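Structure file protein-v9.cif with mmCIF, C-alpha atoms:
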```cif
data_model
#
loop_
_atom_site.label_atom_id
_atom_site.label_comp_id
_atom_site.auth_asym_id
_atom_site.auth_seq_id
_atom_site.Cartn_x
_atom_site.Cartn_y
_atom_site.Cartn_z
CA MET A 233 -37.62 36.61 20.77
CA ARG A 234 -34.13 37.96 20.35
CA HIS A 235 -32.89 38.50 16.85
CA GLN A 236 -30.45 35.82 15.63
CA SER A 237 -26.89 36.94 15.01
CA ALA A 238 -25.95 37.15 11.33
CA PRO A 239 -23.29 34.36 11.40
CA LYS A 240 -25.58 31.93 13.21
CA ALA A 241 -28.47 32.71 10.88
CA ARG A 242 -26.25 32.01 7.86
CA LEU A 243 -25.16 28.68 9.34
CA VAL A 244 -28.76 27.61 9.89
CA ARG A 245 -29.82 28.67 6.39
CA PHE A 246 -26.82 26.75 4.95
CA ALA A 247 -27.72 23.60 6.86
CA GLN A 248 -31.37 23.84 5.92
CA ARG A 249 -30.49 24.23 2.22
CA ARG A 250 -28.22 21.15 2.42
CA GLY A 251 -31.11 19.15 3.93
CA SER A 252 -29.05 18.00 6.91
CA PHE A 253 -31.53 19.13 9.54
CA ALA A 254 -34.42 21.53 9.89
CA VAL A 255 -35.03 23.95 12.73
CA PRO A 256 -37.81 26.49 12.98
CA ALA A 257 -35.68 28.82 15.01
CA MET A 258 -32.11 29.11 16.20
CA THR A 259 -31.17 26.87 19.11
CA CYS A 260 -27.81 26.10 20.68
CA ALA A 261 -28.01 22.53 19.35
CA GLY A 262 -28.86 23.76 15.88
CA ALA A 263 -25.93 26.13 15.77
CA ALA A 264 -23.54 23.42 16.96
CA ALA A 265 -24.83 20.99 14.33
CA ALA A 266 -24.45 23.59 11.60
CA ARG A 267 -20.87 24.35 12.61
CA SER A 268 -20.05 20.60 12.68
CA LEU A 269 -21.51 20.13 9.22
CA TRP A 270 -19.46 23.01 7.86
CA ARG A 271 -16.24 21.64 9.39
CA LEU A 272 -16.93 18.16 7.96
CA ARG A 273 -17.58 19.56 4.49
CA ALA A 274 -14.45 21.69 4.60
CA SER A 275 -12.22 18.88 5.90
CA ASN A 276 -13.02 16.67 2.91
CA GLN A 277 -11.24 19.13 0.64
CA ARG A 278 -8.18 19.82 2.75
CA PRO A 279 -4.86 18.74 1.25
CA LEU A 280 -3.21 15.61 2.57
CA SER A 281 0.49 15.14 2.90
CA ALA A 282 2.02 12.09 1.24
CA CYS A 283 5.76 11.50 0.92
CA GLY A 284 6.61 15.14 1.56
CA ARG A 285 4.15 16.63 -0.95
CA ARG A 286 0.66 17.98 -0.48
CA ILE A 287 -2.22 16.57 -2.42
CA GLY A 288 -5.94 17.22 -2.39
CA VAL A 289 -8.32 14.30 -2.17
CA ARG A 290 -12.01 14.44 -3.04
CA PHE A 291 -13.97 11.45 -1.76
CA ARG A 292 -16.69 11.31 -4.41
CA SER A 293 -18.12 8.75 -6.76
CA SER A 294 -15.90 9.98 -9.60
CA GLY A 295 -12.95 8.24 -7.91
CA THR A 296 -10.55 11.08 -8.69
CA THR A 297 -8.43 13.42 -6.64
CA LEU A 298 -8.45 17.16 -7.00
CA ASP A 299 -5.26 17.08 -9.05
CA GLY A 300 -6.51 14.37 -11.41
CA ILE A 301 -4.95 11.23 -9.93
CA SER A 302 -7.18 8.17 -10.23
CA ARG A 303 -8.12 7.19 -6.71
CA ALA A 304 -9.17 3.69 -7.80
CA ALA A 305 -5.76 3.07 -9.38
CA VAL A 306 -3.88 4.39 -6.35
CA ASP A 307 -6.01 2.29 -3.97
CA ARG A 308 -5.37 -0.86 -5.98
CA ILE A 309 -1.63 -0.31 -6.32
CA ILE A 310 -0.97 0.61 -2.70
CA ARG A 311 -3.18 -2.18 -1.35
CA VAL A 312 -1.57 -4.96 -3.38
CA ASP A 313 1.98 -3.65 -2.88
CA HIS A 314 1.45 -3.40 0.86
CA ALA A 315 0.17 -6.99 0.86
CA GLY A 316 3.18 -8.13 -1.17
CA GLU A 317 5.68 -6.49 1.15
CA TYR A 318 3.83 -7.84 4.16
CA GLY A 319 3.98 -11.34 2.73
CA ALA A 320 7.69 -10.97 1.91
CA ASN A 321 8.36 -9.95 5.50
CA ARG A 322 6.60 -13.05 6.75
CA ILE A 323 8.57 -15.26 4.33
CA TYR A 324 11.88 -13.90 5.58
CA ALA A 325 10.69 -14.26 9.17
CA GLY A 326 10.06 -17.95 8.49
CA GLN A 327 13.45 -18.39 6.85
CA MET A 328 15.21 -16.71 9.76
CA ALA A 329 13.39 -18.93 12.24
CA VAL A 330 15.03 -21.94 10.58
CA LEU A 331 18.32 -20.60 9.18
CA GLY A 332 18.97 -17.53 11.30
CA ARG A 333 21.98 -19.08 13.05
CA THR A 334 23.54 -20.59 9.96
CA SER A 335 26.10 -19.09 7.60
CA VAL A 336 23.34 -17.74 5.33
CA GLY A 337 21.56 -16.02 8.21
CA PRO A 338 23.19 -12.60 7.69
CA VAL A 339 22.25 -12.67 4.00
CA ILE A 340 18.62 -13.36 4.80
CA GLN A 341 18.64 -10.73 7.54
CA LYS A 342 19.96 -8.08 5.15
CA MET A 343 17.18 -8.78 2.66
CA TRP A 344 14.60 -8.86 5.45
CA ASP A 345 15.75 -5.46 6.73
CA GLN A 346 15.10 -3.96 3.30
CA GLU A 347 11.68 -5.58 3.17
CA LYS A 348 10.90 -4.01 6.55
CA ASP A 349 11.69 -0.60 5.04
CA HIS A 350 9.43 -1.36 2.08
CA LEU A 351 6.57 -2.33 4.36
CA LYS A 352 7.07 0.77 6.49
CA LYS A 353 6.82 3.00 3.42
CA PHE A 354 3.63 1.34 2.21
CA ASN A 355 2.15 1.63 5.70
CA GLU A 356 2.81 5.37 5.47
CA LEU A 357 1.28 5.57 1.99
CA MET A 358 -1.83 3.72 3.14
CA VAL A 359 -2.38 6.32 5.85
CA ALA A 360 -1.59 9.25 3.57
CA PHE A 361 -3.94 8.09 0.81
CA ARG A 362 -6.49 6.51 3.17
CA VAL A 363 -6.26 3.09 1.57
CA ARG A 364 -7.61 0.09 3.44
CA PRO A 365 -5.43 -3.04 3.60
CA THR A 366 -6.50 -6.27 1.98
CA VAL A 367 -8.81 -8.39 4.12
CA LEU A 368 -6.46 -11.31 3.43
CA LEU A 369 -3.59 -10.04 5.62
CA PRO A 370 -4.22 -12.65 8.37
CA PHE A 371 -4.06 -15.37 5.72
CA TRP A 372 -0.84 -14.00 4.18
CA ASN A 373 0.60 -13.79 7.69
CA VAL A 374 0.32 -17.56 8.14
CA VAL A 375 1.00 -18.59 4.54
CA GLY A 376 4.05 -16.34 4.19
CA PHE A 377 5.71 -17.65 7.34
CA ALA A 378 4.90 -21.24 6.41
CA LEU A 379 6.38 -20.79 2.93
CA GLY A 380 9.56 -19.25 4.31
CA ALA A 381 10.05 -21.86 7.01
CA GLY A 382 9.04 -24.75 4.76
CA THR A 383 11.50 -23.91 2.01
CA ALA A 384 14.21 -23.20 4.58
CA LEU A 385 13.77 -26.74 5.89
CA LEU A 386 15.01 -27.87 2.47
CA GLY A 387 18.28 -26.15 3.33
CA LYS A 388 19.94 -22.94 2.25
CA GLU A 389 19.29 -23.77 -1.39
CA GLY A 390 15.56 -24.19 -0.80
CA ALA A 391 15.31 -20.84 0.98
CA MET A 392 17.22 -19.11 -1.81
CA ALA A 393 15.03 -20.77 -4.44
CA CYS A 394 12.00 -19.32 -2.66
CA THR A 395 13.66 -15.91 -2.61
CA VAL A 396 14.40 -16.05 -6.33
CA ALA A 397 10.83 -17.09 -7.17
CA VAL A 398 9.13 -14.51 -4.97
CA GLU A 399 11.39 -11.58 -5.78
CA GLU A 400 11.18 -12.29 -9.51
CA SER A 401 7.39 -12.25 -9.26
CA ILE A 402 7.35 -9.02 -7.27
CA ALA A 403 9.79 -7.31 -9.64
CA HIS A 404 7.65 -8.36 -12.62
CA HIS A 405 4.56 -7.02 -10.86
CA TYR A 406 6.30 -3.71 -10.10
CA ASN A 407 7.38 -3.43 -13.75
CA ASN A 408 3.76 -3.81 -14.84
CA GLN A 409 2.71 -1.06 -12.44
CA ILE A 410 5.48 1.23 -13.64
CA ARG A 411 4.45 0.67 -17.26
CA THR A 412 0.80 1.40 -16.47
CA LEU A 413 1.53 4.62 -14.57
CA VAL A 414 4.00 5.90 -17.17
CA GLU A 415 1.57 5.25 -20.00
CA GLU A 416 -1.21 7.09 -18.18
CA ASP A 417 0.70 10.17 -16.95
CA PRO A 418 4.13 9.98 -15.26
CA ALA A 419 3.83 13.56 -13.98
CA LYS A 420 0.75 12.71 -11.92
CA TYR A 421 2.30 9.63 -10.37
CA GLY A 422 5.88 10.86 -9.97
CA GLU A 423 6.21 10.11 -6.26
CA LEU A 424 4.61 6.70 -6.46
CA LEU A 425 6.74 5.80 -9.47
CA GLN A 426 9.89 6.77 -7.59
CA VAL A 427 8.96 4.48 -4.68
CA ILE A 428 8.03 1.55 -6.90
CA ARG A 429 11.17 1.84 -9.04
CA LYS A 430 13.42 1.91 -5.97
CA PHE A 431 11.73 -1.11 -4.44
CA ARG A 432 11.76 -2.96 -7.78
CA ASP A 433 15.53 -2.51 -8.00
CA GLU A 434 16.02 -3.81 -4.46
CA GLU A 435 13.83 -6.85 -5.15
CA LEU A 436 16.01 -7.63 -8.15
CA GLU A 437 19.07 -7.40 -5.90
CA HIS A 438 17.48 -10.01 -3.62
CA HIS A 439 16.78 -12.17 -6.68
CA ASP A 440 20.44 -12.00 -7.70
CA LEU A 441 21.60 -12.76 -4.15
CA GLY A 442 19.46 -15.88 -4.18
CA LEU A 443 21.09 -17.07 -7.39
CA GLU A 444 24.55 -16.31 -5.98
CA HIS A 445 23.76 -18.48 -2.96
CA ASP A 446 22.92 -21.65 -4.89
CA ALA A 447 19.16 -21.28 -5.41
CA GLU A 448 19.35 -23.35 -8.58
CA ARG A 449 20.80 -26.27 -6.62
CA ALA A 450 17.60 -26.67 -4.61
CA PRO A 451 15.73 -29.97 -5.01
CA ALA A 452 13.39 -29.79 -8.03
CA TYR A 453 14.30 -26.12 -8.46
CA THR A 454 12.27 -25.54 -11.62
CA VAL A 455 9.14 -27.19 -10.23
CA LEU A 456 9.49 -25.44 -6.87
CA LYS A 457 9.96 -22.06 -8.51
CA SER A 458 6.94 -22.55 -10.78
CA ILE A 459 4.67 -23.54 -7.89
CA ILE A 460 5.75 -20.56 -5.76
CA GLN A 461 5.29 -18.12 -8.62
CA ALA A 462 1.84 -19.49 -9.40
CA GLY A 463 0.93 -18.86 -5.77
CA CYS A 464 2.32 -15.33 -6.01
CA SER A 465 0.14 -14.63 -9.05
CA VAL A 466 -2.96 -15.76 -7.18
CA ALA A 467 -1.99 -13.71 -4.13
CA ILE A 468 -1.50 -10.57 -6.25
CA SER A 469 -4.84 -11.00 -8.00
CA LEU A 470 -6.76 -11.55 -4.76
CA SER A 471 -5.05 -8.73 -2.87
CA GLU A 472 -5.84 -6.21 -5.61
CA ARG A 473 -9.55 -6.95 -5.39
CA LEU A 474 -10.18 -7.88 -1.74
#
```

Turn this file's structure into structure tokens for me.
Amino acid sequence: MRHQSAPKARLVRFAQRRGSFAVPAMTCAGAAAARSLWRLRASNQRPLSACGRRIGVRFRSSGTTLDGISRAAVDRIIRVDHAGEYGANRIYAGQMAVLGRTSVGPVIQKMWDQEKDHLKKFNELMVAFRVRPTVLLPFWNVVGFALGAGTALLGKEGAMACTVAVEESIAHHYNNQIRTLVEEDPAKYGELLQVIRKFRDEELEHHDLGLEHDAERAPAYTVLKSIIQAGCSVAISLSERL
């Protein structure tokens, strides 16, 4: 039998020590498996790029990244924020389907365009941090559009009341996230904080636009707002966990 080359012998010994497979002697299949195992192990510690910065992610039971960021916290925040922006997009789509050709159409379209940017950013963050979306997205797809179209059928005031209720809930939710991340360690979460703060400010702009366009003149405004915000609270809670 020919002597094994030193690199191949080291790969086989490494694989045997890791318990991945056992071979009595070097074979072509064994060498290929050893090289694949080494590449897989190395790839799990390569840095990922997120929002222009490089981070290292370690997929282990500790739930932490190599630079100390809590993976569980990041997963929860990105998942629920993505769901919220997805739902907001569907709400504005429903409103535009009813009111798109009216005088308030351009106002709704402007807010919707910003929500599209928000959703795009969270789509990017989900890929960068390898976060799965909530399993409830198909449900939010239908419910969001129905809420937007349904309130728009009450007229401009109804659509704006929906906007005020939803954007106020989202801004409050973002404020809670900002407070949590700042209290833990703002240096660790600097990029995520910057994104959330920017989006929070734009949601508040939408809230104010809704008030400027007669949201409070909607039928049963206080009741309608309370019902919508209760639904938002349930949606946030479910999307964080599922």

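For the pair CA of Glu416 in chain A and CA of Ala304 in chain A, the interatomic distance is 13.5 Å.
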
Selection under test: the PyMOL selection byres ((chain A and resi 474) around 9); residues as a VMD selection string: chain A and resid 365 to 368 469 to 473

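Applied to this file, the PyMOL selection byres ((chain A and resi 376-381) around 7) selects the residues A:Gly319, A:Ala320, A:Arg322, A:Ile323, A:Tyr324, A:Ala325, A:Gly326, A:Gln327, A:Ala329, A:Val330, A:Trp372, A:Asn373, A:Val374, A:Val375, A:Gly382, A:Thr383, A:Ala384, A:Leu385, A:Ala391.
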
Write the residues of the selection above to a file with C-alpha atoms, as a PDB file, in the frame of the given file.
```pdb
ATOM      1  CA  GLY A 319       3.980 -11.340   2.730  1.00  0.00           C
ATOM      2  CA  ALA A 320       7.690 -10.970   1.910  1.00  0.00           C
ATOM      3  CA  ARG A 322       6.600 -13.050   6.750  1.00  0.00           C
ATOM      4  CA  ILE A 323       8.570 -15.260   4.330  1.00  0.00           C
ATOM      5  CA  TYR A 324      11.880 -13.900   5.580  1.00  0.00           C
ATOM      6  CA  ALA A 325      10.690 -14.260   9.170  1.00  0.00           C
ATOM      7  CA  GLY A 326      10.060 -17.950   8.490  1.00  0.00           C
ATOM      8  CA  GLN A 327      13.450 -18.390   6.850  1.00  0.00           C
ATOM      9  CA  ALA A 329      13.390 -18.930  12.240  1.00  0.00           C
ATOM     10  CA  VAL A 330      15.030 -21.940  10.580  1.00  0.00           C
ATOM     11  CA  TRP A 372      -0.840 -14.000   4.180  1.00  0.00           C
ATOM     12  CA  ASN A 373       0.600 -13.790   7.690  1.00  0.00           C
ATOM     13  CA  VAL A 374       0.320 -17.560   8.140  1.00  0.00           C
ATOM     14  CA  VAL A 375       1.000 -18.590   4.540  1.00  0.00           C
ATOM     15  CA  GLY A 382       9.040 -24.750   4.760  1.00  0.00           C
ATOM     16  CA  THR A 383      11.500 -23.910   2.010  1.00  0.00           C
ATOM     17  CA  ALA A 384      14.210 -23.200   4.580  1.00  0.00           C
ATOM     18  CA  LEU A 385      13.770 -26.740   5.890  1.00  0.00           C
ATOM     19  CA  ALA A 391      15.310 -20.840   0.980  1.00  0.00           C
TER      20      ALA A 391
END
```

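For the choices A:Val466, A:Ile309, A:Ile459, A:Ala403, the atom-to-atom distance to His438 in chain A is smallest for A:Ala403 when using all atoms listed in the file.
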
Expected selection from the PyMOL selection byres ((chain A and resi 316) around 9), given as an NGL selection string: :A and (311-315 or 317-321 or 351 or 372 or 402 or 464 or 467-468 or 471)

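Among the candidates A:Leu436, A:Leu425, A:Leu413, A:Ala397, the residue lying nearest to Gln461 in chain A is A:Ala397 (atoms considered: only C-alpha atoms).
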
Who sits within 8 Å of range 404-407 of chain A, all atoms listed in the file, same chain under 6 positions skipped, as a ChimeraX atom specification: /A:428-429,432

Leu424 in chain A environment, 12 Å, only C-alpha atoms, sequence neighbours closer than 4 positions dropped, as a PyMOL selection string: chain A and resi 282-285+301+305-307+309-310+313+353-354+357-358+361+406+409-410+412-414+417-420+428-431

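Between His445 in chain A and the candidates A:Leu386, A:Ala393, A:Val398, A:Ala360, the tightest atom-to-atom separation, counting only C-alpha atoms, involves A:Ala393.
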
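Between CA of Ala462 in chain A and CA of Gln346 in chain A the interatomic distance comes to 24.0 Å.
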
Point (21.5, -30.7, -1.0) neighbourhood (12 Å, all atoms listed in the file) written as a list of chain:residue names: A:Ala384, A:Leu385, A:Leu386, A:Gly387, A:Lys388, A:Glu389, A:Gly390, A:Ala391, A:Asp446, A:Ala447, A:Glu448, A:Arg449, A:Ala450, A:Pro451, A:Ala452, A:Tyr453
